[in-house]
Every structure is written in structure tokens, then in C-alpha cells.
$ cat data_14.cif   # mmCIF, C-alpha atoms and all ligand atoms
data_final
loop_
_atom_site.label_atom_id
_atom_site.label_comp_id
_atom_site.auth_asym_id
_atom_site.auth_seq_id
_atom_site.Cartn_x
_atom_site.Cartn_y
_atom_site.Cartn_z
CA MET T 1 128.52 94.04 34.94
CA LYS T 2 128.14 97.67 34.01
CA GLU T 3 124.43 97.13 33.66
CA GLN T 4 124.25 95.39 36.98
CA LEU T 5 126.00 98.30 38.68
CA LYS T 6 123.63 100.81 37.06
CA THR T 7 120.62 98.82 38.23
CA ILE T 8 121.98 98.61 41.75
CA GLN T 9 122.51 102.35 41.76
CA GLU T 10 119.03 103.19 40.49
CA LYS T 11 117.32 100.82 42.88
CA ALA T 12 119.38 102.05 45.79
CA LEU T 13 118.74 105.74 45.11
CA ALA T 14 115.01 105.04 44.79
CA GLU T 15 114.95 103.18 48.12
CA ILE T 16 116.89 105.98 49.79
CA LYS T 17 114.41 108.52 48.52
CA ASN T 18 111.54 106.55 50.06
CA ALA T 19 113.15 106.24 53.50
CA SER T 20 110.71 107.54 56.09
CA ASP T 21 113.14 108.15 58.93
CA THR T 22 116.82 107.98 59.86
CA LYS T 23 116.47 104.49 61.31
CA VAL T 24 115.35 103.17 57.92
CA LEU T 25 118.34 104.95 56.39
CA ASP T 26 120.73 103.25 58.79
CA ASP T 27 119.34 99.84 57.82
CA LEU T 28 119.58 100.73 54.14
CA LYS T 29 123.21 101.73 54.48
CA VAL T 30 124.06 98.31 55.90
CA LYS T 31 122.02 96.54 53.25
CA LEU T 32 123.47 98.52 50.32
CA LEU T 33 127.07 99.05 51.31
CA GLY T 34 127.69 96.39 53.97
CA LYS T 35 129.82 93.26 53.61
CA LYS T 36 126.81 91.23 52.54
CA GLY T 37 125.50 93.96 50.25
CA GLU T 38 124.94 93.62 46.49
CA LEU T 39 127.68 96.09 45.65
CA THR T 40 130.25 94.16 47.66
CA ALA T 41 129.13 90.96 45.94
CA ILE T 42 129.87 92.52 42.53
CA LEU T 43 133.26 93.83 43.63
CA LYS T 44 134.15 90.31 44.72
CA GLN T 45 133.63 89.11 41.14
CA MET T 46 136.13 91.62 39.74
CA GLY T 47 138.91 89.04 39.93
CA GLY T 48 137.44 87.37 36.87
CA LEU T 49 137.59 90.49 34.68
CA SER T 50 140.15 91.19 31.97
CA PRO T 51 142.97 93.64 32.86
CA GLU T 52 141.38 96.27 30.54
CA GLU T 53 137.93 95.98 32.05
CA ARG T 54 139.07 95.90 35.67
CA PRO T 55 139.97 99.64 36.12
CA GLN T 56 136.82 100.73 34.26
CA ILE T 57 134.51 98.59 36.32
CA GLY T 58 136.50 99.51 39.46
CA GLN T 59 136.00 103.17 38.72
CA LEU T 60 132.30 102.68 38.05
CA ALA T 61 131.82 100.67 41.24
CA ASN T 62 133.48 103.47 43.22
CA ASP T 63 131.23 106.05 41.58
CA VAL T 64 128.15 103.99 42.41
CA ARG T 65 129.30 103.60 45.99
CA GLN T 66 129.98 107.32 46.23
CA SER T 67 126.59 108.25 44.82
CA ILE T 68 124.82 105.91 47.25
CA GLU T 69 126.76 107.40 50.16
CA ASN T 70 125.92 110.92 49.01
CA GLY T 71 122.29 109.95 48.56
CA ILE T 72 122.13 108.62 52.11
CA ALA T 73 123.87 111.70 53.54
CA ASN T 74 121.54 114.09 51.70
CA MET T 75 118.48 112.17 52.73
CA ARG T 76 119.64 112.14 56.32
CA GLU T 77 119.90 115.94 56.27
CA GLN T 78 116.43 116.23 54.77
CA LEU T 79 114.88 113.91 57.32
CA LYS T 80 116.54 115.73 60.19
CA ALA T 81 115.33 119.08 58.92
CA ALA T 82 111.80 117.71 58.56
CA GLN T 83 111.91 116.34 62.11
CA THR T 84 113.08 119.67 63.52
CA GLU T 85 110.37 121.45 61.61
CA LEU T 86 107.75 119.10 63.02
CA LYS T 87 109.05 119.53 66.55
CA LEU T 88 109.01 123.29 66.27
CA LYS T 89 105.47 123.21 64.95
CA SER T 90 104.19 120.96 67.70
CA GLU T 91 105.87 122.99 70.42
CA ARG T 92 104.84 126.34 69.15
CA VAL T 93 103.60 128.67 71.87
CA ASP T 94 101.07 131.33 71.17
CA VAL T 95 102.54 134.21 73.11
CA THR T 96 99.46 136.30 72.49
CA LEU T 97 97.22 133.99 74.59
CA PRO T 98 96.30 135.38 78.01
CA GLY T 99 98.33 133.85 80.88
CA LYS T 100 96.95 131.59 83.61
CA HIS T 101 95.99 133.52 86.71
CA PHE T 102 97.74 132.45 89.90
CA SER T 103 96.37 134.20 92.92
CA GLN T 104 98.94 134.68 95.63
CA GLY T 105 97.98 133.32 99.05
CA ARG T 106 98.86 135.05 102.26
CA ARG T 107 99.21 134.25 105.90
CA HIS T 108 95.98 133.78 107.80
CA PRO T 109 95.47 136.55 110.38
CA LEU T 110 95.27 133.97 113.18
CA ASN T 111 98.67 132.61 112.18
CA THR T 112 100.13 136.09 111.99
CA VAL T 113 98.95 136.83 115.51
CA LEU T 114 100.21 133.47 116.74
CA ASP T 115 103.64 134.06 115.19
CA GLU T 116 103.86 137.41 116.92
CA LEU T 117 102.78 135.96 120.21
CA LYS T 118 105.42 133.24 119.96
CA GLU T 119 108.11 135.80 119.16
CA ILE T 120 107.15 137.92 122.18
CA PHE T 121 107.28 134.99 124.60
CA LYS T 122 110.37 133.45 123.05
CA GLY T 123 112.00 136.84 123.58
CA MET T 124 111.16 136.47 127.28
CA GLY T 125 112.82 133.04 127.42
CA TYR T 126 109.81 130.78 126.96
CA SER T 127 109.88 127.67 124.82
CA VAL T 128 106.96 126.51 122.69
CA VAL T 129 105.51 123.05 123.38
CA ASP T 130 102.73 121.06 121.78
CA GLY T 131 100.00 118.87 123.24
CA PRO T 132 97.30 116.51 121.93
CA GLU T 133 93.84 117.75 120.99
CA VAL T 134 92.27 114.38 121.76
CA GLU T 135 93.04 114.26 125.45
CA GLU T 136 92.37 112.37 128.66
CA THR T 137 90.01 113.85 131.24
CA LYS T 138 92.69 113.49 133.89
CA TYR T 139 94.86 116.06 132.10
CA VAL T 140 92.04 118.39 131.11
CA PHE T 141 90.18 118.29 134.44
CA ASP T 142 91.19 115.97 137.29
CA MET T 143 94.81 116.98 137.72
CA LEU T 144 93.83 120.60 137.16
CA ASN T 145 91.79 120.41 140.36
CA THR T 146 88.51 120.29 138.44
CA ASP T 147 86.51 117.51 140.08
CA GLU T 148 83.59 115.48 138.76
CA GLY T 149 80.47 117.57 138.86
CA HIS T 150 82.26 120.81 137.97
CA PRO T 151 80.19 122.65 135.32
CA ALA T 152 83.21 122.79 132.95
CA ARG T 153 82.96 118.98 132.63
CA ASP T 154 79.30 119.04 131.61
CA PRO T 155 78.70 116.89 128.51
CA GLN T 156 76.47 119.70 127.26
CA ASP T 157 79.59 121.83 126.88
CA THR T 158 82.15 119.21 125.97
CA PHE T 159 82.77 116.74 123.14
CA TYR T 160 83.37 113.42 124.92
CA ILE T 161 84.71 110.47 122.96
CA THR T 162 84.51 108.08 125.92
CA ASP T 163 83.97 108.82 129.62
CA SER T 164 87.68 109.48 130.01
CA ILE T 165 88.67 110.80 126.57
CA LEU T 166 87.53 114.07 125.03
CA LEU T 167 88.43 116.85 122.65
CA ARG T 168 90.27 119.20 124.98
CA THR T 169 88.24 122.22 126.04
CA GLN T 170 91.33 124.20 127.03
CA THR T 171 95.07 124.12 126.43
CA SER T 172 95.59 124.03 130.21
CA SER T 173 96.04 120.24 129.88
CA VAL T 174 99.51 120.95 128.48
CA GLN T 175 100.47 122.50 131.84
CA ILE T 176 100.04 119.11 133.49
CA ARG T 177 101.86 117.22 130.74
CA THR T 178 104.75 119.69 130.93
CA MET T 179 105.08 119.53 134.72
CA LEU T 180 105.01 115.73 134.63
CA GLU T 181 107.80 115.67 132.06
CA GLN T 182 109.98 118.56 133.06
CA ALA T 183 111.42 119.67 136.38
CA PRO T 184 111.36 123.39 137.27
CA PRO T 185 112.44 125.96 136.22
CA ILE T 186 109.69 125.84 133.58
CA ALA T 187 108.70 128.59 131.14
CA ILE T 188 106.53 127.41 128.26
CA ILE T 189 103.74 128.51 126.01
CA SER T 190 101.53 126.04 124.17
CA PRO T 191 99.26 127.26 121.40
CA GLY T 192 96.61 125.05 119.83
CA ARG T 193 93.04 124.20 118.98
CA VAL T 194 90.37 123.65 121.61
CA TYR T 195 86.78 122.42 121.32
CA ARG T 196 83.53 123.30 123.06
CA ARG T 197 79.91 122.51 122.30
CA ASP T 198 78.99 126.09 121.55
CA ALA T 199 76.53 127.22 118.90
CA VAL T 200 78.16 129.43 116.27
CA ASP T 201 77.61 133.16 116.57
CA SER T 202 79.71 136.29 116.21
CA THR T 203 81.74 135.50 119.33
CA HIS T 204 81.46 131.70 119.64
CA SER T 205 82.71 128.75 117.63
CA PRO T 206 82.93 125.03 118.55
CA ILE T 207 86.59 125.14 117.51
CA PHE T 208 88.84 127.97 118.49
CA HIS T 209 92.43 128.59 119.55
CA GLN T 210 94.14 129.26 122.82
CA CYS T 211 97.68 129.81 123.90
CA GLU T 212 98.58 128.46 127.31
CA GLY T 213 101.45 129.83 129.34
CA LEU T 214 103.15 128.35 132.40
CA VAL T 215 106.05 129.47 134.56
CA VAL T 216 107.23 127.47 137.58
CA ASP T 217 110.31 128.38 139.56
CA LYS T 218 111.44 129.37 143.04
CA GLY T 219 109.96 132.63 144.30
CA ILE T 220 107.42 133.30 141.50
CA THR T 221 104.77 135.79 142.66
CA PHE T 222 101.69 137.55 141.35
CA SER T 223 103.81 140.56 140.40
CA ASP T 224 105.76 138.34 137.96
CA LEU T 225 102.45 137.39 136.37
CA LYS T 226 101.31 141.01 136.19
CA GLY T 227 104.58 142.28 134.78
CA THR T 228 104.74 139.53 132.19
CA LEU T 229 101.20 139.97 130.91
CA GLU T 230 101.45 143.76 130.90
CA MET T 231 104.64 143.53 128.89
CA PHE T 232 102.97 141.08 126.53
CA ALA T 233 100.01 143.42 125.95
CA LYS T 234 102.33 146.37 125.29
CA ARG T 235 104.46 144.41 122.85
CA LEU T 236 101.35 143.35 120.98
CA TYR T 237 99.28 146.53 121.02
CA GLY T 238 101.76 149.31 121.73
CA ASN T 239 102.87 151.11 124.88
CA ASP T 240 99.65 153.10 125.27
CA VAL T 241 97.48 150.06 125.76
CA LYS T 242 95.55 149.92 129.05
CA VAL T 243 95.31 146.58 130.85
CA ARG T 244 93.06 145.66 133.78
CA PHE T 245 93.36 142.69 136.16
CA ARG T 246 89.97 141.60 137.43
CA PRO T 247 89.55 139.00 140.23
CA HIS T 248 88.10 135.71 138.97
CA HIS T 249 87.99 132.03 139.80
CA PHE T 250 89.66 129.08 138.11
CA PRO T 251 89.98 125.74 139.92
CA TYR T 252 93.68 125.47 139.00
CA THR T 253 94.86 128.92 140.09
CA GLU T 254 94.65 130.79 143.37
CA PRO T 255 94.37 133.73 143.26
CA SER T 256 92.96 134.00 139.72
CA ALA T 257 92.45 136.99 137.49
CA GLU T 258 91.00 137.77 134.13
CA VAL T 259 92.89 140.31 132.11
CA ASP T 260 91.00 142.90 130.08
CA LEU T 261 92.20 145.34 127.45
CA GLN T 262 90.65 148.73 127.06
CA CYS T 263 88.25 148.64 124.11
CA PHE T 264 90.04 149.62 120.89
CA LYS T 265 86.81 150.79 119.31
CA CYS T 266 85.56 153.33 121.85
CA GLY T 267 88.71 153.91 123.88
CA GLY T 268 86.95 152.82 127.07
CA LYS T 269 83.80 154.94 126.78
CA GLY T 270 81.57 151.94 126.12
CA CYS T 271 80.20 150.78 122.77
CA PRO T 272 78.33 147.80 121.29
CA LEU T 273 81.58 145.89 120.70
CA CYS T 274 82.60 145.96 124.39
CA LYS T 275 78.93 145.71 125.35
CA GLY T 276 79.12 149.08 127.03
CA GLU T 277 81.92 147.93 129.34
CA GLY T 278 84.81 149.86 127.87
CA TRP T 279 86.97 146.73 128.36
CA ILE T 280 87.35 143.48 126.47
CA GLU T 281 88.41 140.23 128.12
CA MET T 282 91.68 138.91 126.72
CA LEU T 283 92.81 136.03 128.92
CA GLY T 284 92.51 134.09 132.16
CA SER T 285 95.41 133.74 134.56
CA GLY T 286 96.52 133.13 138.10
CA ILE T 287 99.01 131.67 140.53
CA VAL T 288 99.20 127.91 140.04
CA HIS T 289 97.16 126.19 142.77
CA PRO T 290 99.42 124.30 145.22
CA GLN T 291 97.31 121.17 144.70
CA VAL T 292 98.09 121.26 140.95
CA LEU T 293 101.81 121.38 141.73
CA ILE T 294 101.41 118.47 144.18
CA ASN T 295 99.47 116.50 141.53
CA CYS T 296 102.52 116.82 139.28
CA GLY T 297 105.05 115.93 141.97
CA ILE T 298 106.32 119.48 142.49
CA ASP T 299 106.76 120.68 146.08
CA PRO T 300 104.69 123.86 146.58
CA GLU T 301 106.84 124.75 149.61
CA VAL T 302 109.82 125.12 147.28
CA TYR T 303 108.28 126.18 143.98
CA SER T 304 105.51 128.45 142.86
CA GLY T 305 104.25 129.44 139.44
CA PHE T 306 101.83 131.39 137.34
CA ALA T 307 99.74 130.36 134.36
CA PHE T 308 97.57 131.98 131.76
CA GLY T 309 95.37 131.06 128.83
CA ILE T 310 94.99 133.50 125.96
CA GLY T 311 92.15 133.38 123.45
CA LEU T 312 93.83 133.78 120.06
CA GLU T 313 90.70 134.80 118.18
CA ARG T 314 90.08 137.52 120.75
CA ILE T 315 93.56 138.88 120.23
CA ALA T 316 93.18 138.84 116.46
CA MET T 317 89.72 140.43 116.61
CA MET T 318 91.04 143.33 118.65
CA ARG T 319 94.21 143.58 116.65
CA TYR T 320 92.48 143.85 113.30
CA GLU T 321 89.18 145.32 114.49
CA VAL T 322 87.22 142.30 113.30
CA ASP T 323 83.79 142.20 114.90
CA ASP T 324 82.67 138.70 113.84
CA LEU T 325 84.59 135.56 114.78
CA ARG T 326 83.07 133.56 111.92
CA LEU T 327 85.05 135.56 109.37
CA PHE T 328 88.24 133.76 110.45
CA TYR T 329 86.91 130.36 109.39
CA GLU T 330 84.85 131.07 106.30
CA ASN T 331 87.80 131.29 103.90
CA ASP T 332 86.24 134.23 102.11
CA GLN T 333 88.96 135.70 99.91
CA ARG T 334 87.49 139.16 100.24
CA PHE T 335 88.13 138.99 103.97
CA LEU T 336 91.49 137.19 103.92
CA LYS T 337 92.93 139.49 101.25
CA GLN T 338 92.84 142.38 103.67
CA PHE T 339 95.66 141.06 105.83
N1 LIG T 401 91.71 127.59 130.69
C1 LIG T 401 91.07 128.87 130.84
C2 LIG T 401 89.95 129.01 129.83
O1 LIG T 401 89.83 128.18 128.97
C3 LIG T 401 92.07 129.96 130.67
C4 LIG T 401 93.07 129.96 131.78
C5 LIG T 401 92.81 130.58 132.95
C6 LIG T 401 94.27 129.29 131.64
C7 LIG T 401 93.72 130.59 133.98
C8 LIG T 401 95.18 129.29 132.67
C9 LIG T 401 94.90 129.95 133.84
O2 LIG T 401 96.35 128.68 132.59
O3 LIG T 401 95.81 129.94 134.80
O4 LIG T 401 89.22 129.94 129.89
#
$ encode --input "data_14.cif" --output "C-alpha cells" --more "lines below"
Ligand code: DAH
Amino acid sequence: MKEQLKTIQEKALAEIKNASDTKVLDDLKVKLLGKKGELTAILKQMGGLSPEERPQIGQLANDVRQSIENGIANMREQLKAAQTELKLKSERVDVTLPGKHFSQGRRHPLNTVLDELKEIFKGMGYSVVDGPEVEETKYVFDMLNTDEGHPARDPQDTFYITDSILLRTQTSSVQIRTMLEQAPPIAIISPGRVYRRDAVDSTHSPIFHQCEGLVVDKGITFSDLKGTLEMFAKRLYGNDVKVRFRPHHFPYTEPSAEVDLQCFKCGGKGCPLCKGEGWIEMLGSGIVHPQVLINCGIDPEVYSGFAFGIGLERIAMMRYEVDDLRLFYENDQRFLKQF
């Protein structure tokens, strides 16, 4: 029996030494020391030993058990240490490598201008509304008093999808949608993209941005329009800015005016940027035509209103002294980084 115990011990310690991971060790522990293990089988035979042999063999069996347990515990430590070592090696970071370069983006100048514009009008009590870019002709033209045959409807200038659906050429369509949905008093602005079949050059692009404005209430006059737009220009460009109202024609306003800003480049003397005029056109505006109010179910005997449409690119060009519209759309980092 002594021999048997020795053999069990040697075999066990050899197997423990060969264990490749802790899972194997766990299985070994069950196999060697468990109820069905060889050691247990021997201990069960101890009943047949003489009283002299029993304590000796008992002692030996305990020693064997202890040495197997120690062997397993030691091996477990070794395996764990090896695993940690491996993990550390595989996760090692070379802190001397150069870092990845993340370039920080910034707000596009058109968005910056739009945000400012919104803040200015919100401060005057306007709310901001949205409207579709793919729009019906009745909202873009008909209800805005712009009949068939008007040059603004010319397919040469407009992207038609069908005879009655188009990419809106102006944000003025949102005026109609707003008046149909909302009863006066109304004070809204509506910024967004508009589309025209223009060839690209330094002042034209087939896609550009406008911001529409509409106020309808009792007793609105041209002086409200003038005061509002003058205030807007001052908030945007400072109190010294000079604004000019120039008579114009729009089918949906009467009277109508275009609003010019004194040229930032030459201070009004005349230069290539303002084409020698000394002034740069900023927006179109006017008193809402009574027929437009009637088209939207608003009684022009009770209510009146003013409206305006601002060209966002224009504003940004003047604001940042950018002399080519194309720069806003080219995504050239060298340009965008400057803002
Ligand atoms: N829709 C005009 C344009 O695209 C701008 C405009 C003029 C808007 C007068 C208006 C307005 O609301 O009243 O040039």
C-alpha cells in the first residue's frame, strides 16, 4: 500500500506540473482528490489493515493528499502569474508612438450667421418655423399672387419635378403655409434652402439659403417694417451701419422695397465688390398684398402685415468680407478654418 501511495503521488505531481491552464487543474483536483479518486479508493481499503499499520498508512495518505493539494495550489499561482504576464505583454502600449491627429471641426459661417439671425428675431418675439423644400406651385407662386406666365415661374429658372411640384425657388411659400395654419397675430421667420437654375459663379449658386419673415396683425404699417429691418441690420452689423430702402416690385407685396446696406468694403464710395454702387442688396420686403391675405382667409380690412426675404449668403459675405459665394460650399479647410 505504501508503494501504491508513492506511485499515486508521483503520477499526480507529474500531471499537475503538465497542466496547461487553471481549468485543467480544476479537473485534476476532482480526479485526484475527489470521492471517486484513486487516493480515496486506497483510504477505503484501510479497514483491512492491522492496527500497527493503520496509523502509518493513515499518516502517509494524509501526507500524499497534502502534497497533491500544495502542488495544485502552487501550480495555480504559477499559471495565474503566466496569464497576467501574457495579458500585460499583449496590452502593452508604446507611449513613445505619435498620437492620432483629430482635427477639430467648427461651425460653418452660414450656420453662425443663421444662429445670430434667429437670436435677433427671437428677441423681437418671432418664432422659427420650417417648410418643405419640395413644394407645390400653389404655395410658391399661385397663392403668392404670381400667376402663370410670370417670369419667376419660367422652367428655365426653376427645377420642376412635375407641372405642379418643384424645388422651391424662395422661402416665401412658408408665408402661405403659416397663414393657412395660424390665425393672426403672426410673427415668424423661416430659414431654409432654395433652388434656382442658375449657373455657378462668384455670386450665384443653384442652391442657396434664404430666411423669410412674416408679421400679420391689426394696424401693421410700413414703418413697422422699416423699424424692424433697421433694427435687424444694426444688431447684425453694429449701430453705424447705413441702410437704404429702395422701391421695388414683388407680386406678393404692395408697396415693395429692396433693402441695401452700405458697402463694407469701400464705405459707400463705390468699388468692384458693390459694382460701383456703394450699396449692396441685402433683402426684399414689403407690405403683404391684400390678395395674398384673402387667399389665406385673412380679412385685409381687419389685418395687415409685412414680409421680407433675406439672402443668407449675402449676409455672410458682407459679414465676413467674403467675395466669392462658392467658398461657402467647397468645404476647403483652409477657408472654413478662418471662422
Ligand atoms: N422672395 C423674394 C426673393 O426670393 C424675397 C422677398 C421679397 C420675400 C419680398 C418677401 C417679400 O417675403 O415680402 O427674392
$ residues_around --input "data_14.cif" --residues "Ile161 in chain T" --least-positions-apart "4" --cutoff "10 Å" --atoms "all atoms listed in the file" --output "MDAnalysis selection string"
chainID T and resid 134:136 165:167
$ write_last_selection --input "data_14.cif" --atoms "C-alpha atoms" --output "PDB file, in the coordinates of the input"
ATOM      1  CA  VAL T 134      92.270 114.380 121.760  1.00  0.00           C
ATOM      2  CA  GLU T 135      93.040 114.260 125.450  1.00  0.00           C
ATOM      3  CA  GLU T 136      92.370 112.370 128.660  1.00  0.00           C
ATOM      4  CA  ILE T 165      88.670 110.800 126.570  1.00  0.00           C
ATOM      5  CA  LEU T 166      87.530 114.070 125.030  1.00  0.00           C
ATOM      6  CA  LEU T 167      88.430 116.850 122.650  1.00  0.00           C
TER       7      LEU T 167
END
$ residues_near_ligand --input "data_14.cif" --ligand "ligand LIG 401 (chain T)" --cutoff "7 Å" --atoms "all atoms listed in the file" --output "ChimeraX atom specification"
/T:169-172,212-214,250,252-253,256,283-288,306-310
$ residues_near_point --input "data_14.cif" --point "(95.1, 133.8, 93.6)" --cutoff "12 Å" --atoms "all atoms listed in the file" --output "VMD selection string"
chain T and resid 100 to 106 333 to 334 336 to 337
$ residues_around --input "data_14.cif" --residues "Arg153 in chain T" --least-positions-apart "2" --cutoff "12 Å" --atoms "only C-alpha atoms" --output "PDB file with C-alpha atoms, in the coordinates of the input"
ATOM      1  CA  THR T 137      90.010 113.850 131.240  1.00  0.00           C
ATOM      2  CA  LYS T 138      92.690 113.490 133.890  1.00  0.00           C
ATOM      3  CA  VAL T 140      92.040 118.390 131.110  1.00  0.00           C
ATOM      4  CA  PHE T 141      90.180 118.290 134.440  1.00  0.00           C
ATOM      5  CA  ASP T 142      91.190 115.970 137.290  1.00  0.00           C
ATOM      6  CA  LEU T 144      93.830 120.600 137.160  1.00  0.00           C
ATOM      7  CA  ASN T 145      91.790 120.410 140.360  1.00  0.00           C
ATOM      8  CA  THR T 146      88.510 120.290 138.440  1.00  0.00           C
ATOM      9  CA  ASP T 147      86.510 117.510 140.080  1.00  0.00           C
ATOM     10  CA  GLU T 148      83.590 115.480 138.760  1.00  0.00           C
ATOM     11  CA  GLY T 149      80.470 117.570 138.860  1.00  0.00           C
ATOM     12  CA  HIS T 150      82.260 120.810 137.970  1.00  0.00           C
ATOM     13  CA  PRO T 151      80.190 122.650 135.320  1.00  0.00           C
ATOM     14  CA  PRO T 155      78.700 116.890 128.510  1.00  0.00           C
ATOM     15  CA  GLN T 156      76.470 119.700 127.260  1.00  0.00           C
ATOM     16  CA  ASP T 157      79.590 121.830 126.880  1.00  0.00           C
ATOM     17  CA  THR T 158      82.150 119.210 125.970  1.00  0.00           C
ATOM     18  CA  PHE T 159      82.770 116.740 123.140  1.00  0.00           C
ATOM     19  CA  TYR T 160      83.370 113.420 124.920  1.00  0.00           C
ATOM     20  CA  ASP T 163      83.970 108.820 129.620  1.00  0.00           C
ATOM     21  CA  SER T 164      87.680 109.480 130.010  1.00  0.00           C
ATOM     22  CA  ILE T 165      88.670 110.800 126.570  1.00  0.00           C
ATOM     23  CA  LEU T 166      87.530 114.070 125.030  1.00  0.00           C
ATOM     24  CA  LEU T 167      88.430 116.850 122.650  1.00  0.00           C
ATOM     25  CA  ARG T 168      90.270 119.200 124.980  1.00  0.00           C
ATOM     26  CA  THR T 169      88.240 122.220 126.040  1.00  0.00           C
ATOM     27  CA  GLN T 170      91.330 124.200 127.030  1.00  0.00           C
ATOM     28  CA  ARG T 196      83.530 123.300 123.060  1.00  0.00           C
ATOM     29  CA  ARG T 197      79.910 122.510 122.300  1.00  0.00           C
TER      30      ARG T 197
END
$ residues_near_point --input "data_14.cif" --point "(96.2, 142.8, 135.7)" --cutoff "10 Å" --atoms "all atoms listed in the file" --output "ChimeraX atom specification"
/T:222-223,225-230,242-247,257-261,285-286
$ atom_distance --input "data_14.cif" --atom1 "CA of Glu277 in chain T" --atom2 "CA of Arg319 in chain T"
18.2 Å
$ closest_residue --input "data_14.cif" --among "T:His209, T:Lys36, T:Lys265, T:His249" --to "Gly311 in chain T" --atoms "only C-alpha atoms"
T:His209
$ closest_residue --input "data_14.cif" --among "T:Ala152, T:Cys274, T:Gly192, T:Leu110" --to "Leu325 in chain T" --atoms "only C-alpha atoms"
T:Leu110
$ residues_around --input "data_14.cif" --residues "range 78-87 of chain T" --least-positions-apart "4" --cutoff "10 Å" --atoms "only C-alpha atoms" --output "list in words"
Ala19, Ser20, Asp21, Thr22, Leu25, Ile72, Ala73, Asn74, Glu91 and Arg92 of chain T
$ residues_around --input "data_14.cif" --residues "Glu69 in chain T" --least-positions-apart "4" --cutoff "12 Å" --atoms "all atoms listed in the file" --output "PyMOL selection string"
chain T and resi 9+12-13+16+25-26+28-30+32-34+62-65+73-76
$ atom_distance --input "data_14.cif" --atom1 "CA of Gln338 in chain T" --atom2 "CA of Arg314 in chain T"
18.0 Å
$ atom_distance --input "data_14.cif" --atom1 "CA of Glu53 in chain T" --atom2 "CA of Met1 in chain T"
10.0 Å
$ decode --input "data_14.cif" --residues "range 177-184 of chain T" --atoms "all heavy atoms" --output "mmCIF file, in the first residue's frame"
data_model
loop_
_atom_site.group_PDB
_atom_site.id
_atom_site.type_symbol
_atom_site.label_atom_id
_atom_site.label_comp_id
_atom_site.auth_asym_id
_atom_site.auth_seq_id
_atom_site.Cartn_x
_atom_site.Cartn_y
_atom_site.Cartn_z
ATOM 1 N N ARG T 177 -48.178 78.829 -46.083
ATOM 2 C CA ARG T 177 -48.442 77.701 -45.179
ATOM 3 C C ARG T 177 -48.740 78.187 -43.768
ATOM 4 O O ARG T 177 -49.613 77.645 -43.089
ATOM 5 C CB ARG T 177 -47.239 76.752 -45.162
ATOM 6 C CG ARG T 177 -47.118 75.936 -46.431
ATOM 7 C CD ARG T 177 -45.954 74.971 -46.354
ATOM 8 N NE ARG T 177 -45.951 74.045 -47.478
ATOM 9 C CZ ARG T 177 -46.616 72.901 -47.493
ATOM 10 N NH1 ARG T 177 -47.332 72.535 -46.445
ATOM 11 N NH2 ARG T 177 -46.567 72.123 -48.555
ATOM 12 N N THR T 178 -48.003 79.214 -43.326
ATOM 13 C CA THR T 178 -48.192 79.713 -41.964
ATOM 14 C C THR T 178 -49.567 80.370 -41.818
ATOM 15 O O THR T 178 -50.294 80.114 -40.852
ATOM 16 C CB THR T 178 -47.090 80.728 -41.607
ATOM 17 O OG1 THR T 178 -45.833 80.122 -41.841
ATOM 18 C CG2 THR T 178 -47.187 81.162 -40.157
ATOM 19 N N MET T 179 -49.928 81.207 -42.808
ATOM 20 C CA MET T 179 -51.210 81.907 -42.696
ATOM 21 C C MET T 179 -52.394 80.955 -42.793
ATOM 22 O O MET T 179 -53.450 81.211 -42.241
ATOM 23 C CB MET T 179 -51.307 83.008 -43.762
ATOM 24 C CG MET T 179 -50.448 84.213 -43.417
ATOM 25 S SD MET T 179 -50.736 85.613 -44.505
ATOM 26 C CE MET T 179 -49.676 85.223 -45.893
ATOM 27 N N LEU T 180 -52.204 79.836 -43.520
ATOM 28 C CA LEU T 180 -53.286 78.857 -43.611
ATOM 29 C C LEU T 180 -53.467 78.102 -42.291
ATOM 30 O O LEU T 180 -54.551 77.654 -41.956
ATOM 31 C CB LEU T 180 -53.011 77.853 -44.743
ATOM 32 C CG LEU T 180 -53.126 78.402 -46.182
ATOM 33 C CD1 LEU T 180 -52.717 77.338 -47.196
ATOM 34 C CD2 LEU T 180 -54.541 78.908 -46.477
ATOM 35 N N GLU T 181 -52.354 77.979 -41.563
ATOM 36 C CA GLU T 181 -52.396 77.178 -40.328
ATOM 37 C C GLU T 181 -52.687 77.980 -39.082
ATOM 38 O O GLU T 181 -53.197 77.469 -38.099
ATOM 39 C CB GLU T 181 -51.017 76.509 -40.116
ATOM 40 C CG GLU T 181 -50.909 75.162 -40.767
ATOM 41 C CD GLU T 181 -49.483 74.623 -40.718
ATOM 42 O OE1 GLU T 181 -48.720 75.030 -39.806
ATOM 43 O OE2 GLU T 181 -49.134 73.824 -41.607
ATOM 44 N N GLN T 182 -52.310 79.255 -39.127
ATOM 45 C CA GLN T 182 -52.254 80.037 -37.896
ATOM 46 C C GLN T 182 -53.080 81.299 -38.079
ATOM 47 O O GLN T 182 -52.985 81.939 -39.130
ATOM 48 C CB GLN T 182 -50.787 80.459 -37.717
ATOM 49 C CG GLN T 182 -50.240 80.380 -36.334
ATOM 50 C CD GLN T 182 -48.739 80.705 -36.378
ATOM 51 O OE1 GLN T 182 -47.951 79.986 -36.970
ATOM 52 N NE2 GLN T 182 -48.371 81.811 -35.764
ATOM 53 N N ALA T 183 -53.850 81.660 -37.088
ATOM 54 C CA ALA T 183 -54.595 82.924 -37.173
ATOM 55 C C ALA T 183 -53.704 84.048 -36.648
ATOM 56 O O ALA T 183 -52.842 83.812 -35.810
ATOM 57 C CB ALA T 183 -55.861 82.819 -36.340
ATOM 58 N N PRO T 184 -53.896 85.296 -37.139
ATOM 59 C CA PRO T 184 -53.108 86.408 -36.616
ATOM 60 C C PRO T 184 -53.399 86.605 -35.118
ATOM 61 O O PRO T 184 -54.479 86.210 -34.683
ATOM 62 C CB PRO T 184 -53.598 87.618 -37.413
ATOM 63 C CG PRO T 184 -54.376 87.055 -38.572
ATOM 64 C CD PRO T 184 -54.847 85.710 -38.178
#
